[in-house]
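**Q** Take this structure first; my questions come after.
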Amino acid sequence: MDLGDIDLDHTLSCGQVFRWRKEGDRWIGVVHGHEVRIGQRGKRIDLETDLPNNVLERYFRADDDMEEVYAFISHDDYVRGLVRRFHGLRLIRQDPWECSASYILATYSNIPRIRKMIERICVMYGSEIEGGGHAFPTPAQIVQNEKGAETCGLGFRCERFVEFAKRMAGGGVDFEGLRASSYEICHKRLVSFEGIGDKVADCIAVFSLDHMEAFPIDVRIKRVLESEYGVRGTYGKVSAFARERFGAYAGYAQEYIYYAEDAKNRKEVKG
DNA sequence: AACCAGGTCTCGA
DNA sequence: TCGAGACCTGGT
């Protein structure tokens, strides 16, 4: 299998996906209801899964031309430096429903806790899969037992999560339509759902619906945009600046910046 | 032990 | 349209 120019460690630990863990030198995750074990030594990928190659290539966005991506976003020394440091960090094309549900849960929380919330949801609702893990639940599985979510430690996100599952189960969300539409239409539509605001809408757009110009802004990104570029103001204003500056691949720039800030925190914690 | 977290919603000005 | 507060809970 050829994943192209990719660094699995950066790609799977940068915070865009929540269900991967590293054991030894291999990453273990669940993709589209199948366990995937994958490792990397240099350019060589070793893989253990019953998923077809083309599904994984799609998941890892092997179709992205990274030279073009880097050309688009390398507008200044700051981003150029990040591209050099974290070369091979790629966006992942997640399942839209899993992505939406995950980022609704990610609201006003932190990654370790988000991972736990999602894991509890999967154990509570998801089908058992080969390898001993659980698939991410379907909307129908959640709707079937609404009360179950209350014991998963979701806090105020619980109601939003269940409501969105209901909406999904009722066929109220046309993800493929949103994938085919413009970024602006997609964002506008996503924001109309309860529990999805500007930031989560952009996460869904860029992480699962191929709108690579979407630029999610959380507190960290907000701080960086102010310190590096002197930009502040409303979400709409700041994200418009980022889309204008980094163009069609602004979402990639965002992920490199986010990961860089994450690395900074890890270093500080270690002292 | 406080502080803060991959924000969203509500509500006045 | 914009800024301010509240908000479950648990990591650090």
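The way I read the labels, and the way they are meant: chains A, B, ... in the order of the structure tokens, residue 1 as the first residue of every chain, and ligand 1 as the first ligand shown, with later ones counted on from there.
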For chain B against chain A, which residues fall within 10 Å using only C-alpha atoms (C1' of nucleotides), given as a compact mmCIF listing (two decimals) with N, CA, C and O atoms (P, O5', C5', C4', C3', O3' and C1' of nucleotides), in the first residue's frame?
**A**
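Generated output (out24.txt):
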```txt
# COMPACT_ATOMS: atom_id res chain seq x y z
P DC B 4 -6.80 29.88 34.23
O5' DC B 4 -7.05 28.74 33.16
C5' DC B 4 -6.03 27.77 32.95
C4' DC B 4 -6.60 26.58 32.18
C3' DC B 4 -7.50 27.00 31.02
O3' DC B 4 -7.15 26.24 29.89
C1' DC B 4 -8.58 25.40 32.38
P DA B 5 -7.49 26.80 28.42
O5' DA B 5 -7.92 25.43 27.72
C5' DA B 5 -7.08 24.29 27.89
C4' DA B 5 -7.91 23.03 27.85
C3' DA B 5 -8.78 22.88 26.59
O3' DA B 5 -8.78 21.51 26.20
C1' DA B 5 -10.14 22.78 28.51
P DG B 6 -7.56 21.12 25.13
O5' DG B 6 -8.16 21.26 23.68
C5' DG B 6 -9.50 20.91 23.41
C4' DG B 6 -10.01 21.87 22.36
C3' DG B 6 -11.48 21.66 21.95
O3' DG B 6 -12.03 22.90 21.56
C1' DG B 6 -10.15 21.38 20.10
P DG B 7 -12.22 24.13 22.74
O5' DG B 7 -13.76 24.39 22.55
C5' DG B 7 -14.21 25.09 21.38
C4' DG B 7 -15.64 24.73 21.19
C3' DG B 7 -16.35 25.65 20.21
O3' DG B 7 -17.41 24.91 19.62
C1' DG B 7 -17.09 26.07 22.43
P DT B 8 -18.48 25.64 18.67
O5' DT B 8 -19.73 25.77 19.64
C5' DT B 8 -20.24 24.59 20.26
C4' DT B 8 -21.53 24.92 21.00
C3' DT B 8 -22.49 25.83 20.22
O3' DT B 8 -23.79 25.29 20.33
C1' DT B 8 -21.97 26.80 22.32
P DC B 9 -25.05 26.03 19.69
O5' DC B 9 -25.70 26.76 20.95
C5' DC B 9 -25.89 26.04 22.15
C4' DC B 9 -26.56 26.91 23.20
C3' DC B 9 -27.58 27.89 22.63
O3' DC B 9 -28.78 27.82 23.38
C1' DC B 9 -25.93 29.05 23.89
```
**Q** Once you count only C-alpha atoms (C1' of nucleotides), what closest atom pair and distance in Å to one decimal does each residue of segment 148-258 of chain A within 8 Å of chain C have, with rows by chain and rising residue number, as a Markdown table?
**A**
```
| residue | atom | partner | partner_atom | distance |
| --- | --- | --- | --- | --- |
| A:Gly153 | CA | C:DT9 | C1' | 7.4 |
| A:Leu154 | CA | C:DC8 | C1' | 7.4 |
| A:Gly155 | CA | C:DC8 | C1' | 4.0 |
| A:Phe156 | CA | C:DC8 | C1' | 5.2 |
| A:Arg157 | CA | C:DC8 | C1' | 8.0 |
```
**Q** Write out as a PyMOL selection string each polymer residue whose atoms come within 7 Å of segment 132-143 of chain A, counting only C-alpha atoms (C1' of nucleotides); drop sequence neighbours fewer than 6 positions from it.
**A** chain A and resi 30+33+98+122-123+125-126+165-166+168-169
**Q** With all heavy atoms retained, write the just-selected residues as a CSV table (one decimal), in the first residue's frame.
**A**
```csv
chain,number,residue,atom,x,y,z
A,30,VAL,N,-9.5,2.0,15.1
A,30,VAL,CA,-10.7,1.4,14.5
A,30,VAL,C,-11.2,2.4,13.4
A,30,VAL,O,-11.5,3.5,13.6
A,30,VAL,CB,-11.9,1.2,15.5
A,30,VAL,CG1,-13.1,0.6,14.8
A,30,VAL,CG2,-11.4,0.3,16.7
A,33,GLY,N,-15.4,0.7,11.4
A,33,GLY,CA,-15.8,-0.6,12.1
A,33,GLY,C,-14.9,-1.7,11.9
A,33,GLY,O,-15.2,-2.9,12.2
A,98,GLU,N,-19.1,10.1,12.5
A,98,GLU,CA,-18.2,9.9,13.7
A,98,GLU,C,-17.5,11.2,14.0
A,98,GLU,O,-17.4,11.6,15.2
A,98,GLU,CB,-17.2,8.8,13.4
A,98,GLU,CG,-16.2,8.6,14.5
A,98,GLU,CD,-15.3,7.4,14.3
A,98,GLU,OE1,-15.6,6.5,13.5
A,98,GLU,OE2,-14.2,7.4,15.1
A,122,CYS,N,-18.4,4.2,22.7
A,122,CYS,CA,-18.2,3.0,21.9
A,122,CYS,C,-18.5,1.7,22.6
A,122,CYS,O,-19.1,0.8,22.0
A,122,CYS,CB,-16.8,3.0,21.3
A,122,CYS,SG,-16.5,4.3,20.1
A,123,VAL,N,-18.0,1.6,23.9
A,123,VAL,CA,-18.3,0.4,24.6
A,123,VAL,C,-19.8,0.2,25.0
A,123,VAL,O,-20.3,-0.9,24.9
A,123,VAL,CB,-17.5,0.4,25.9
A,123,VAL,CG1,-17.9,-0.7,26.9
A,123,VAL,CG2,-16.0,0.4,25.6
A,125,TYR,N,-22.4,1.5,23.2
A,125,TYR,CA,-23.3,1.3,22.1
A,125,TYR,C,-22.7,0.5,20.9
A,125,TYR,O,-23.5,-0.1,20.1
A,125,TYR,CB,-23.7,2.7,21.6
A,125,TYR,CG,-24.6,3.5,22.5
A,125,TYR,CD1,-24.1,4.6,23.1
A,125,TYR,CD2,-25.9,3.2,22.6
A,125,TYR,CE1,-24.9,5.4,23.9
A,125,TYR,CE2,-26.7,4.0,23.5
A,125,TYR,CZ,-26.2,5.1,24.1
A,125,TYR,OH,-27.0,5.9,24.9
A,126,GLY,N,-21.4,0.6,20.7
A,126,GLY,CA,-20.9,0.1,19.5
A,126,GLY,C,-20.8,-1.4,19.4
A,126,GLY,O,-20.7,-2.1,20.4
A,165,ALA,N,-27.7,12.5,17.2
A,165,ALA,CA,-27.9,11.2,16.8
A,165,ALA,C,-29.3,10.9,16.3
A,165,ALA,O,-29.6,10.3,15.3
A,165,ALA,CB,-27.6,10.2,18.0
A,166,LYS,N,-30.3,11.5,17.0
A,166,LYS,CA,-31.7,11.4,16.6
A,166,LYS,C,-31.9,12.1,15.2
A,166,LYS,O,-32.5,11.5,14.3
A,166,LYS,CB,-32.6,12.1,17.5
A,166,LYS,CG,-33.0,11.3,18.8
A,166,LYS,CD,-34.1,12.1,19.5
A,166,LYS,CE,-34.2,11.6,20.9
A,166,LYS,NZ,-35.1,12.5,21.7
A,168,MET,N,-29.7,12.5,12.9
A,168,MET,CA,-29.0,11.6,12.0
A,168,MET,C,-29.9,10.4,11.6
A,168,MET,O,-30.1,10.1,10.4
A,168,MET,CB,-27.7,11.1,12.5
A,168,MET,CG,-26.5,12.0,12.3
A,168,MET,SD,-26.1,12.2,10.6
A,168,MET,CE,-25.6,10.5,10.1
A,169,ALA,N,-30.4,9.8,12.7
A,169,ALA,CA,-31.2,8.6,12.5
A,169,ALA,C,-32.4,8.9,11.7
A,169,ALA,O,-32.9,8.0,10.9
A,169,ALA,CB,-31.5,8.0,13.8
```
**Q** So how many Å separate atom CA of Ile6 of chain A and atom CA of His87 of chain A, to one decimal?
**A** 7.8 Å
**Q** Quick one: pick out all strand (DSSP E or B) residues within segment 22-142 of chain A from a backbone DSSP run and write them as JSON, numbers by chain.
**A** {"A": [22, 23, 26, 27, 28, 29, 30, 31, 34, 35, 36, 37, 38, 39, 40, 41, 44, 45, 46, 47, 48, 49, 128, 134]}
**Q** Counting only C-alpha atoms (C1' of nucleotides), figure out which residue out of A:Met1, A:Leu82, A:Met117, A:Ala180 gets nearest to chain C.
**A**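 Among the listed residues, the smallest separation from chain C belongs to A:Met117.
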**Q** What residues in segment 182-249 of chain A get the DSSP label alpha helix (DSSP H)? Please answer as a ChimeraX atom specification.
**A** /A:183-191,198-208,219-229,235-246
**Q** Calculate how many Å separate atom CA of His75 of chain A from atom CA of Phe246 of chain A, rounding to one decimal.
**A**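 These atoms are spaced 7.3 Å apart.
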